[in-house]
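Have a look at coords_38.txt below; it lists compact mmCIF, C-alpha atoms.
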```
# COMPACT_ATOMS: atom_id res chain seq x y z
CA MET A 1 66.00 124.87 59.61
CA LEU A 2 67.34 121.32 59.94
CA HIS A 3 70.92 122.43 60.45
CA SER A 4 69.88 124.91 63.15
CA ALA A 5 67.76 122.38 65.05
CA ASN A 6 70.54 119.81 64.91
CA GLN A 7 73.21 122.34 65.93
CA LEU A 8 71.26 123.49 68.96
CA SER A 9 70.66 119.91 70.08
CA LEU A 10 74.31 118.79 70.06
CA ASP A 11 75.14 119.93 73.60
CA ALA A 12 71.81 118.95 75.12
CA PRO A 13 71.31 115.93 77.41
CA ASP A 14 70.45 112.77 75.48
CA ARG A 15 66.69 112.81 76.02
CA GLU A 16 66.34 116.57 75.50
CA ARG A 17 68.33 116.18 72.30
CA LEU A 18 65.49 114.18 70.78
CA LEU A 19 62.96 117.01 71.18
CA PRO A 20 64.20 119.25 68.32
CA LEU A 21 64.62 116.15 66.15
CA LEU A 22 61.00 115.14 66.67
CA TRP A 23 59.86 118.76 66.28
CA ALA A 24 61.72 118.91 62.95
CA LEU A 25 60.11 115.66 61.84
CA ASP A 26 56.67 117.04 62.67
CA TYR A 27 57.45 120.28 60.82
CA PHE A 28 58.73 118.32 57.82
CA LYS A 29 55.54 116.26 57.62
CA GLN A 30 53.46 119.44 57.75
CA SER A 31 55.60 120.85 54.92
CA GLN A 32 55.01 117.71 52.87
CA GLN A 33 51.27 118.10 53.28
CA ARG A 34 51.37 121.80 52.34
CA ASP A 35 53.31 120.84 49.23
CA VAL A 36 50.64 118.29 48.27
CA ASP A 37 47.93 120.90 48.85
CA GLU A 38 49.77 123.41 46.66
CA GLY A 39 50.34 121.07 43.71
CA ASP A 40 52.79 118.38 44.89
CA PHE A 41 56.06 119.67 43.41
CA GLN A 42 58.67 116.98 42.86
CA LEU A 43 62.32 117.32 41.92
CA ARG A 44 62.26 115.27 38.72
CA LYS A 45 65.14 114.24 36.48
CA PRO A 46 66.96 117.16 34.79
CA LYS A 47 65.61 118.00 31.34
CA GLY A 48 68.07 117.44 28.51
CA PRO A 49 71.62 116.09 28.30
CA LEU A 50 74.12 116.97 31.03
CA PRO A 51 77.25 118.90 29.98
CA SER A 52 80.65 117.24 30.12
CA ALA A 53 82.83 117.82 33.14
CA GLY A 54 85.22 119.94 31.08
CA LYS A 55 82.48 122.35 29.96
CA ALA A 56 80.40 122.33 33.13
CA TRP A 57 81.79 125.42 34.85
CA ALA A 58 81.51 127.72 31.84
CA GLU A 59 77.99 126.40 31.24
CA PHE A 60 77.09 126.90 34.92
CA HIS A 61 78.13 130.56 35.05
CA ALA A 62 76.31 131.27 31.78
CA ALA A 63 73.14 129.67 33.16
CA MET A 64 73.31 131.56 36.44
CA GLU A 65 73.98 134.91 34.78
CA SER A 66 71.05 134.38 32.39
CA TRP A 67 68.75 133.12 35.21
CA ASP A 68 68.01 129.95 33.21
CA GLU A 69 66.61 127.41 35.68
CA GLU A 70 66.49 124.34 33.42
CA ARG A 71 70.02 124.94 32.15
CA ALA A 72 71.39 125.56 35.64
CA ASP A 73 69.63 122.44 36.93
CA ARG A 74 71.38 120.28 34.33
CA VAL A 75 74.77 121.78 35.09
CA ILE A 76 74.63 121.58 38.88
CA THR A 77 73.64 117.92 38.50
CA ALA A 78 76.75 117.34 36.40
CA LEU A 79 78.93 119.25 38.87
CA ALA A 80 77.59 117.29 41.84
CA ARG A 81 78.48 114.06 40.05
CA THR A 82 81.93 115.04 38.75
CA LYS A 83 83.43 117.63 41.11
CA GLY A 84 84.44 117.73 44.76
CA GLY A 85 82.43 119.49 47.41
CA HIS A 86 84.83 122.32 48.20
CA GLU A 87 85.29 123.16 44.52
CA VAL A 88 81.54 123.34 43.98
CA ILE A 89 80.65 125.38 47.05
CA GLU A 90 83.40 127.91 46.37
CA ASP A 91 81.59 129.12 43.26
CA LEU A 92 78.21 129.12 45.00
CA TRP A 93 79.10 131.56 47.81
CA ARG A 94 78.95 134.56 45.47
CA TYR A 95 75.63 133.54 43.93
CA GLY A 96 74.17 133.10 47.39
CA ALA A 97 75.25 136.63 48.30
CA ARG A 98 74.32 138.53 45.15
CA ASP A 99 70.56 138.83 45.74
CA TYR A 100 69.02 140.15 48.97
CA ARG A 101 65.46 140.37 47.64
CA ASN A 102 63.93 137.53 49.68
CA ILE A 103 65.30 139.12 52.87
CA GLY A 104 68.53 137.17 52.86
CA HIS A 105 67.28 133.64 52.38
CA LYS A 106 69.55 132.94 49.41
CA ALA A 107 72.71 133.32 51.49
CA ILE A 108 71.05 131.48 54.38
CA PHE A 109 70.01 128.63 52.05
CA THR A 110 73.56 128.36 50.65
CA ALA A 111 75.22 128.28 54.06
CA SER A 112 72.67 125.87 55.53
CA THR A 113 72.95 123.51 52.55
CA TRP A 114 76.72 123.31 52.93
CA ARG A 115 76.50 122.90 56.72
CA THR A 116 73.93 120.14 56.34
CA LEU A 117 76.02 118.29 53.75
CA GLN A 118 78.90 118.33 56.24
CA ALA A 119 76.65 116.34 58.58
CA ILE A 120 75.01 113.92 56.15
CA GLY A 121 77.77 113.50 53.55
CA TRP A 122 78.55 114.65 50.01
CA ARG A 123 76.83 111.54 48.62
CA HIS A 124 73.56 113.40 49.24
CA ALA A 125 74.73 116.54 47.43
CA GLU A 126 72.84 116.19 44.14
CA PRO A 127 69.23 116.81 45.28
CA ALA A 128 70.39 119.34 47.90
CA LEU A 129 72.33 121.39 45.34
CA ARG A 130 69.58 121.17 42.72
CA SER A 131 67.11 122.53 45.25
CA LEU A 132 69.55 125.26 46.24
CA ILE A 133 70.07 126.42 42.65
CA LEU A 134 66.32 126.71 42.10
CA GLY A 135 66.20 128.87 45.21
CA LEU A 136 69.08 131.07 44.07
CA LEU A 137 67.33 131.74 40.75
CA ASP A 138 64.00 132.61 42.36
CA PHE A 139 62.37 135.93 41.31
CA GLY A 140 64.44 136.30 38.11
CA PRO A 141 66.36 139.45 37.18
CA ASP A 142 63.40 141.80 36.73
CA ARG A 143 61.04 141.26 39.66
CA CYS A 144 60.93 143.87 42.43
CA MET A 145 60.74 142.34 45.91
CA ASN A 146 61.00 143.90 49.38
CA GLY A 147 61.81 147.28 47.93
CA TYR A 148 64.48 146.17 45.44
CA GLY A 149 64.88 144.99 41.87
CA PHE A 150 67.97 142.95 41.15
CA GLU A 151 69.82 145.86 39.56
CA ASP A 152 68.95 148.19 42.47
CA GLN A 153 71.12 146.32 44.94
CA SER A 154 74.70 146.63 46.20
CA HIS A 155 75.85 143.51 44.30
CA ALA A 156 77.29 145.06 41.14
CA THR A 157 79.06 147.89 42.94
CA ASN A 158 80.55 145.63 45.61
CA ALA A 159 81.67 143.04 43.06
CA GLY A 160 83.55 145.77 41.19
CA THR A 161 84.95 147.25 44.40
CA ALA A 162 86.20 143.88 45.61
CA SER A 163 88.02 143.28 42.32
CA LYS A 164 89.71 146.71 42.36
CA LEU A 165 90.37 146.96 46.09
CA LEU A 166 91.97 143.57 46.70
CA ALA A 167 95.50 144.56 45.65
CA LYS A 168 95.36 147.77 47.69
CA LEU A 169 94.53 146.20 51.06
CA PRO A 170 97.11 146.37 53.88
CA PRO A 171 98.82 143.02 54.62
CA ASP A 172 97.04 142.66 57.96
CA CYS A 173 93.55 143.55 56.66
CA ILE A 174 92.27 139.99 57.06
CA SER A 175 92.55 139.50 60.80
CA THR A 176 90.96 137.57 63.64
CA LYS A 177 91.71 140.33 66.14
CA SER A 178 89.87 143.62 66.50
CA THR A 179 91.88 146.83 66.86
CA ASP A 180 89.37 148.63 69.11
CA THR A 181 85.65 149.38 69.21
CA ALA A 182 85.76 152.56 67.08
CA PRO A 183 85.86 150.83 63.65
CA ALA A 184 82.81 148.66 64.43
CA ARG A 185 80.95 151.75 65.59
CA GLY A 186 81.96 153.38 62.31
CA VAL A 187 80.46 150.50 60.32
CA LEU A 188 77.24 150.73 62.35
CA GLU A 189 77.05 154.48 61.81
CA ALA A 190 77.64 154.03 58.08
CA VAL A 191 74.67 151.64 57.89
CA ARG A 192 72.47 153.87 60.06
CA SER A 193 73.19 157.16 58.29
CA GLY A 194 73.90 156.28 54.67
CA GLY A 195 72.38 154.19 51.92
CA PRO A 196 73.65 150.69 51.10
CA LEU A 197 76.15 151.83 48.45
CA ALA A 198 77.44 154.71 50.56
CA ALA A 199 77.90 152.41 53.54
CA SER A 200 79.74 149.79 51.47
CA THR A 201 81.99 152.47 49.94
CA GLU A 202 82.79 153.96 53.35
CA VAL A 203 83.75 150.57 54.80
CA ALA A 204 85.85 149.75 51.73
CA GLU A 205 87.76 153.00 52.29
CA MET A 206 88.25 152.13 55.97
CA LEU A 207 89.76 148.79 54.95
CA ALA A 208 91.99 150.32 52.26
CA LYS A 209 93.34 153.00 54.59
CA GLY A 210 94.02 150.57 57.43
CA LYS A 211 91.38 152.17 59.66
CA ALA A 212 89.64 148.80 60.07
CA ASN A 213 90.41 145.15 59.46
CA SER A 214 88.07 142.29 58.57
CA ARG A 215 87.31 141.48 62.22
CA ASP A 216 86.35 145.11 62.88
CA ALA A 217 84.09 145.13 59.82
CA TRP A 218 82.31 141.90 60.76
CA ASP A 219 81.87 143.20 64.31
CA GLY A 220 80.15 146.21 62.78
CA ILE A 221 77.99 144.08 60.47
CA HIS A 222 76.76 141.92 63.36
CA LEU A 223 76.24 145.05 65.44
CA ALA A 224 74.20 146.61 62.62
CA ALA A 225 72.08 143.45 62.33
CA GLY A 226 71.41 143.45 66.07
CA ASP A 227 70.69 147.18 65.98
CA LEU A 228 68.01 146.63 63.34
CA MET A 229 66.49 143.84 65.41
CA LEU A 230 66.39 146.17 68.42
CA ARG A 231 64.78 148.97 66.43
CA LEU A 232 62.15 146.81 64.73
CA PRO A 233 61.77 143.45 66.50
CA GLY A 234 60.11 140.80 64.37
CA ILE A 235 60.65 138.71 61.27
CA LEU A 236 62.65 141.31 59.33
CA GLY A 237 64.99 141.80 62.27
CA VAL A 238 65.35 138.02 62.54
CA HIS A 239 66.60 137.90 58.97
CA CYS A 240 69.05 140.74 59.53
CA VAL A 241 70.73 138.53 62.12
CA THR A 242 70.48 135.21 60.26
CA SER A 243 71.65 136.61 56.91
CA ALA A 244 74.63 138.37 58.52
CA ASN A 245 75.47 135.05 60.17
CA ALA A 246 75.23 133.23 56.81
CA LEU A 247 77.41 135.76 54.98
CA HIS A 248 80.04 135.61 57.73
CA TYR A 249 79.99 131.81 57.55
CA ALA A 250 80.57 131.99 53.78
CA PHE A 251 83.44 134.42 54.40
CA ARG A 252 85.02 131.97 56.83
CA MET A 253 84.58 129.00 54.49
CA SER A 254 85.71 130.62 51.23
CA SER A 255 89.32 130.17 50.10
CA ASP A 256 89.19 132.93 47.45
CA ALA A 257 90.44 136.33 48.62
CA GLU A 258 88.27 138.35 46.24
CA THR A 259 85.17 136.35 47.13
CA ARG A 260 85.84 136.91 50.82
CA LEU A 261 86.15 140.67 50.34
CA TYR A 262 82.98 140.70 48.25
CA LEU A 263 81.09 138.79 50.98
CA LEU A 264 82.24 141.27 53.61
CA LEU A 265 81.15 144.26 51.53
CA GLN A 266 77.84 142.54 50.82
CA GLY A 267 77.39 142.13 54.57
CA VAL A 268 77.54 145.91 54.86
CA GLY A 269 75.40 146.42 51.76
CA TRP A 270 72.71 143.99 52.88
CA MET A 271 72.45 145.61 56.30
CA GLY A 272 72.06 148.92 54.48
CA GLN A 273 69.35 147.44 52.26
CA PHE A 274 67.55 146.03 55.30
CA ALA A 275 67.81 149.43 57.02
CA SER A 276 66.44 151.25 53.98
CA TYR A 277 63.49 148.88 53.61
CA MET A 278 62.70 148.66 57.32
CA SER A 279 62.82 152.44 57.78
CA ARG A 280 59.57 152.66 55.82
CA ASN A 281 57.81 151.10 58.79
CA ASP A 282 56.38 153.72 61.15
CA GLU A 283 57.14 151.43 64.11
CA MET A 284 60.91 151.65 63.54
CA ARG A 285 62.37 152.87 66.84
CA ASN A 286 65.03 155.54 67.33
CA LEU A 287 67.38 153.40 69.44
CA ASP A 288 71.06 152.49 69.15
CA LEU A 289 72.28 149.04 70.24
CA SER A 290 75.85 150.27 70.72
CA LYS A 291 74.59 152.80 73.30
CA LEU A 292 72.20 150.51 75.16
CA GLU A 293 72.95 150.75 78.88
CA ARG A 294 73.20 147.82 81.24
CA SER A 295 70.74 146.92 83.93
CA GLU A 296 71.10 144.52 86.84
CA ALA A 297 69.35 141.17 87.13
CA SER A 298 68.56 139.74 90.57
CA GLY A 299 70.43 136.73 91.95
CA ASN A 300 73.64 135.13 90.77
CA GLY A 301 74.49 132.81 87.89
CA SER A 302 71.46 130.71 86.95
CA ASP A 303 69.14 132.97 88.97
CA GLU A 304 70.28 135.97 86.93
CA VAL A 305 69.61 134.14 83.68
CA ALA A 306 66.20 133.01 84.90
CA ALA A 307 65.31 136.61 85.80
CA ILE A 308 66.23 137.75 82.28
CA LEU A 309 64.35 134.97 80.53
CA GLU A 310 61.22 135.55 82.62
CA GLN A 311 60.93 139.06 81.18
CA LEU A 312 60.98 137.93 77.56
CA GLY A 313 57.73 138.91 75.88
CA THR A 314 56.63 141.18 78.72
CA ASP A 315 59.47 143.72 78.99
CA THR A 316 62.00 142.62 76.41
CA ASP A 317 63.85 145.95 76.38
CA GLU A 318 64.59 145.54 80.09
CA ALA A 319 65.60 141.92 79.49
CA ALA A 320 68.03 143.17 76.83
CA ARG A 321 69.57 145.66 79.25
CA LYS A 322 69.89 142.94 81.88
CA ALA A 323 71.50 140.66 79.29
CA ILE A 324 74.14 143.34 78.64
CA GLY A 325 74.85 143.55 82.36
CA TYR A 326 75.04 139.78 82.67
CA ALA A 327 77.48 139.45 79.76
CA MET A 328 79.66 142.24 81.14
CA ASP A 329 79.94 140.36 84.43
CA HIS A 330 80.29 136.83 83.02
CA GLN A 331 82.87 135.94 80.42
CA ASP A 332 81.37 132.46 79.96
CA LEU A 333 77.85 132.72 78.52
CA THR A 334 77.26 128.96 78.33
CA GLU A 335 74.68 128.97 81.14
CA PHE A 336 72.60 131.61 79.38
CA SER A 337 72.57 129.72 76.07
CA ARG A 338 71.87 126.42 77.86
CA MET A 339 68.85 127.71 79.74
CA ALA A 340 67.50 129.61 76.73
CA ARG A 341 67.96 126.57 74.50
CA ASN A 342 66.11 124.28 76.91
CA ILE A 343 63.14 126.67 76.90
CA LEU A 344 63.30 126.85 73.11
CA PHE A 345 63.11 123.06 72.82
CA ARG A 346 59.78 123.09 74.64
CA LYS A 347 58.24 126.29 73.28
CA ALA A 348 59.28 126.72 69.63
CA GLU A 349 56.26 126.81 67.36
CA GLU A 350 57.90 127.79 64.06
CA SER A 351 61.22 127.29 62.31
CA HIS A 352 62.64 130.80 62.72
CA ARG A 353 62.94 130.25 66.47
CA PHE A 354 65.57 127.59 65.80
CA LYS A 355 67.29 129.49 62.99
CA TYR A 356 67.54 132.72 64.98
CA ALA A 357 68.81 131.05 68.16
CA ALA A 358 71.44 129.02 66.30
CA ALA A 359 72.69 132.14 64.49
CA VAL A 360 72.75 134.54 67.41
CA PHE A 361 74.42 132.07 69.80
CA GLU A 362 77.08 131.35 67.18
CA ASP A 363 77.59 135.08 66.74
CA LEU A 364 78.51 135.38 70.42
CA ASP A 365 81.75 133.55 69.58
CA LEU A 366 82.32 135.41 66.32
CA VAL A 367 82.29 139.00 67.59
CA SER A 368 84.99 140.62 69.69
CA PRO A 369 84.58 140.42 73.48
CA ALA A 370 83.60 144.09 73.68
CA TRP A 371 80.48 143.42 71.58
CA ARG A 372 79.34 140.12 73.11
CA PRO A 373 77.07 141.88 75.63
CA HIS A 374 75.29 143.58 72.73
CA MET A 375 74.90 140.30 70.83
CA LEU A 376 73.44 138.69 73.94
CA ALA A 377 71.02 141.62 74.21
CA THR A 378 70.07 141.03 70.57
CA SER A 379 69.17 137.43 71.36
CA THR A 380 66.38 138.44 73.73
CA TYR A 381 64.20 139.83 70.93
CA TYR A 382 63.29 136.43 69.51
CA LEU A 383 64.02 133.96 72.26
CA GLN A 384 61.13 132.63 74.29
CA GLY A 385 60.46 132.70 78.01
CA PRO A 386 59.15 130.11 80.48
CA ALA A 387 55.65 131.63 80.42
CA ASP A 388 55.18 130.92 76.71
CA ARG A 389 52.90 128.05 75.77
CA ASP A 390 54.51 124.68 75.08
CA SER A 391 54.62 123.63 71.44
CA GLU A 392 51.92 121.07 70.60
CA ALA A 393 54.45 119.01 68.66
CA VAL A 394 56.78 118.88 71.66
CA VAL A 395 53.91 117.95 74.01
CA ARG A 396 53.27 114.94 71.78
CA ALA A 397 57.01 114.18 71.55
CA ARG A 398 57.47 114.27 75.32
CA LYS A 399 54.50 111.98 75.75
CA ALA A 400 55.91 109.53 73.20
CA LEU A 401 59.25 109.58 75.04
CA GLY A 402 57.60 109.03 78.42
CA MET A 403 58.84 112.39 79.70
CA ALA A 404 56.96 114.27 82.39
```

Before we go any further, please render this structure as structure tokens.
Amino acid sequence: MLHSANQLSLDAPDRERLLPLLWALDYFKQSQQRDVDEGDFQLRKPKGPLPSAGKAWAEFHAAMESWDEERADRVITALARTKGGHEVIEDLWRYGARDYRNIGHKAIFTASTWRTLQAIGWRHAEPALRSLILGLLDFGPDRCMNGYGFEDQSHATNAGTASKLLAKLPPDCISTKSTDTAPARGVLEAVRSGGPLAASTEVAEMLAKGKANSRDAWDGIHLAAGDLMLRLPGILGVHCVTSANALHYAFRMSSDAETRLYLLLQGVGWMGQFASYMSRNDEMRNLDLSKLERSEASGNGSDEVAAILEQLGTDTDEAARKAIGYAMDHQDLTEFSRMARNILFRKAEESHRFKYAAAVFEDLDLVSPAWRPHMLATSTYYLQGPADRDSEAVVRARKALGMA
């Protein structure tokens, strides 16, 4: 959450910028108290001798594959002390992406840890990485969570596919430019109509045959995440969006071609796993984000944005349609994100508000222009409107700052 709150505050006016900082401090203190109430966990010294730098990597992979927390804790401590940041994080991207079972938090935790260390410095890496590794090994290999055991997931298949497919990819497969909208629609349809493995296999074939490039595939992954949020708004939909954002971030940061392909295929697989699990809910709606039609908001510029935000929580589907219309008419979406962010600073009552907003606003710049209206529509399903109650923590913060 800390990265998201900080990221959203960077472009805010000086005094507004303090509000998410103070909100985060309040949230942190509440978390400390919950921890005391639940047993007061502390990250103590690693148990046992640390491996030498020369043996650390082999020891690390053995510990992670055997889900041995104490062993992995010793090794990541040694790696944090003896290796550089980029070398360490490169081998963590895959472990963050292998296990969907806690609705994507492992990839989110990995990406957020690395982002945060970019802000505070590698000198703080040791406790951050030790905490991350404990999170990545949560649940163990046998526990079934959110509809999946570890072996039931897309990980093993996509890891094998990435290894075999890499040499067969067209030279221009990794691209920053989309070909057209058809490939992204194909990815979305693969997620909507097939299971996770079938969807991953179909997208792998599209890449191998030159029918899609990496930009097309990520467009489709973000579109699928937004589609799931549209069909079942709420906490699961939030994590569709934030986990797709985290996997795409890992893809952009990784320097290993096979890892990047694996992360892309896992993006498809995870959206398929979300879709499979969420489809068990009777409230899942039969809608399609790619076919959502535009509506018109009243006024111009800021007035249009205000009209959209005022409908959040009362008629969010109409707000989403108006957001599509607004994005089709305005290439620059800065005013929308600015006004929504300022409301968020006053209204946010829990951490996912920050995490979702940071992810979905970043995604606006990651997807192709043709899909930005749909990403903006996605944002409306967990943003807050001016009628929502002010956060108690922010009321106290504004009072402390002498703000009206």

Stretch 128-141 of chain A environment, 8 Å, all atoms listed in the file, sequence neighbours closer than 6 positions dropped, as a PDB file with C-alpha atoms, in the frame of the given file:
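Wrote it out as part.pdb, contents follow:
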```
ATOM      1  CA  LEU A  43      62.320 117.320  41.920  1.00  0.00           C
ATOM      2  CA  MET A  64      73.310 131.560  36.440  1.00  0.00           C
ATOM      3  CA  TRP A  67      68.750 133.120  35.210  1.00  0.00           C
ATOM      4  CA  ASP A  68      68.010 129.950  33.210  1.00  0.00           C
ATOM      5  CA  GLU A  69      66.610 127.410  35.680  1.00  0.00           C
ATOM      6  CA  ALA A  72      71.390 125.560  35.640  1.00  0.00           C
ATOM      7  CA  ASP A  73      69.630 122.440  36.930  1.00  0.00           C
ATOM      8  CA  ILE A  76      74.630 121.580  38.880  1.00  0.00           C
ATOM      9  CA  THR A  77      73.640 117.920  38.500  1.00  0.00           C
ATOM     10  CA  ALA A  80      77.590 117.290  41.840  1.00  0.00           C
ATOM     11  CA  TYR A  95      75.630 133.540  43.930  1.00  0.00           C
ATOM     12  CA  GLY A  96      74.170 133.100  47.390  1.00  0.00           C
ATOM     13  CA  LYS A 106      69.550 132.940  49.410  1.00  0.00           C
ATOM     14  CA  PHE A 109      70.010 128.630  52.050  1.00  0.00           C
ATOM     15  CA  THR A 110      73.560 128.360  50.650  1.00  0.00           C
ATOM     16  CA  THR A 113      72.950 123.510  52.550  1.00  0.00           C
ATOM     17  CA  GLY A 149      64.880 144.990  41.870  1.00  0.00           C
ATOM     18  CA  PHE A 150      67.970 142.950  41.150  1.00  0.00           C
ATOM     19  CA  GLU A 151      69.820 145.860  39.560  1.00  0.00           C
TER      20      GLU A 151
END
```

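With distances taken over all atoms listed in the file, A:Val75 is the one residue among A:Ala24, A:Val75, A:Leu261, A:Met206 lying closest to A:Lys47.
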
Listed atoms of stretch 22-41 of chain A boxed along x, y and z, 6 Å each side, centre and edge lengths in Å, one decimal, as AutoDock Vina command-line options:
```
--center_x 54.8 --center_y 119.3 --center_z 55.0 --size_x 25.8 --size_y 20.3 --size_z 35.3
```

Calculate how many Å separate atom CA of A:Asp172 from atom CA of A:Arg372, rounding to one decimal.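 Distance between the two atoms: 23.4 Å.
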
Could you check which of A:Thr116, A:Thr380, A:Ser163, A:Thr157 is closest to A:Thr316, using all atoms listed in the file?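 Smallest separation from A:Thr316 among the options: A:Thr380.
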
Distance query 6 Å from (66.3, 141.3, 75.3) using all atoms listed in the file, result as a PyMOL selection string: chain A and resi 316-317+319-320+377+380-381

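Each of A:Gly237, A:Pro373, A:Pro171, A:Gly301 was compared to A:Ala225 using all atoms listed in the file, and A:Gly237 turns out to be the nearest.
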
Spatial neighbours of A:Glu283, max dist 12 Å, all atoms listed in the file, sep filter under 6 positions, as a list in words: Leu228, Leu230, Arg231, Leu232, Pro233 and Gly234 of chain A

Which of these residues is nearest to A:Ala56, using only C-alpha atoms: A:Asp26, A:Tyr148, A:Leu207, A:Arg71?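 Smallest separation from A:Ala56 among the options: A:Arg71.
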
Top pick for closest residue to A:Leu21, considering A:Tyr382, A:Tyr262, A:Phe345, A:Trp371 and counting only C-alpha atoms: A:Phe345

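The two atoms in question, atom CA of A:Lys168 and atom CA of A:Ala208, are spaced 6.2 Å apart.
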
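Here atom CA of A:His155 and atom CA of A:Arg353 stand 28.9 Å from one another.
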
From A:Ala348, A:Ala162, A:Ala107, A:Ala190, residue lying nearest A:Glu202 [only C-alpha atoms]: A:Ala190
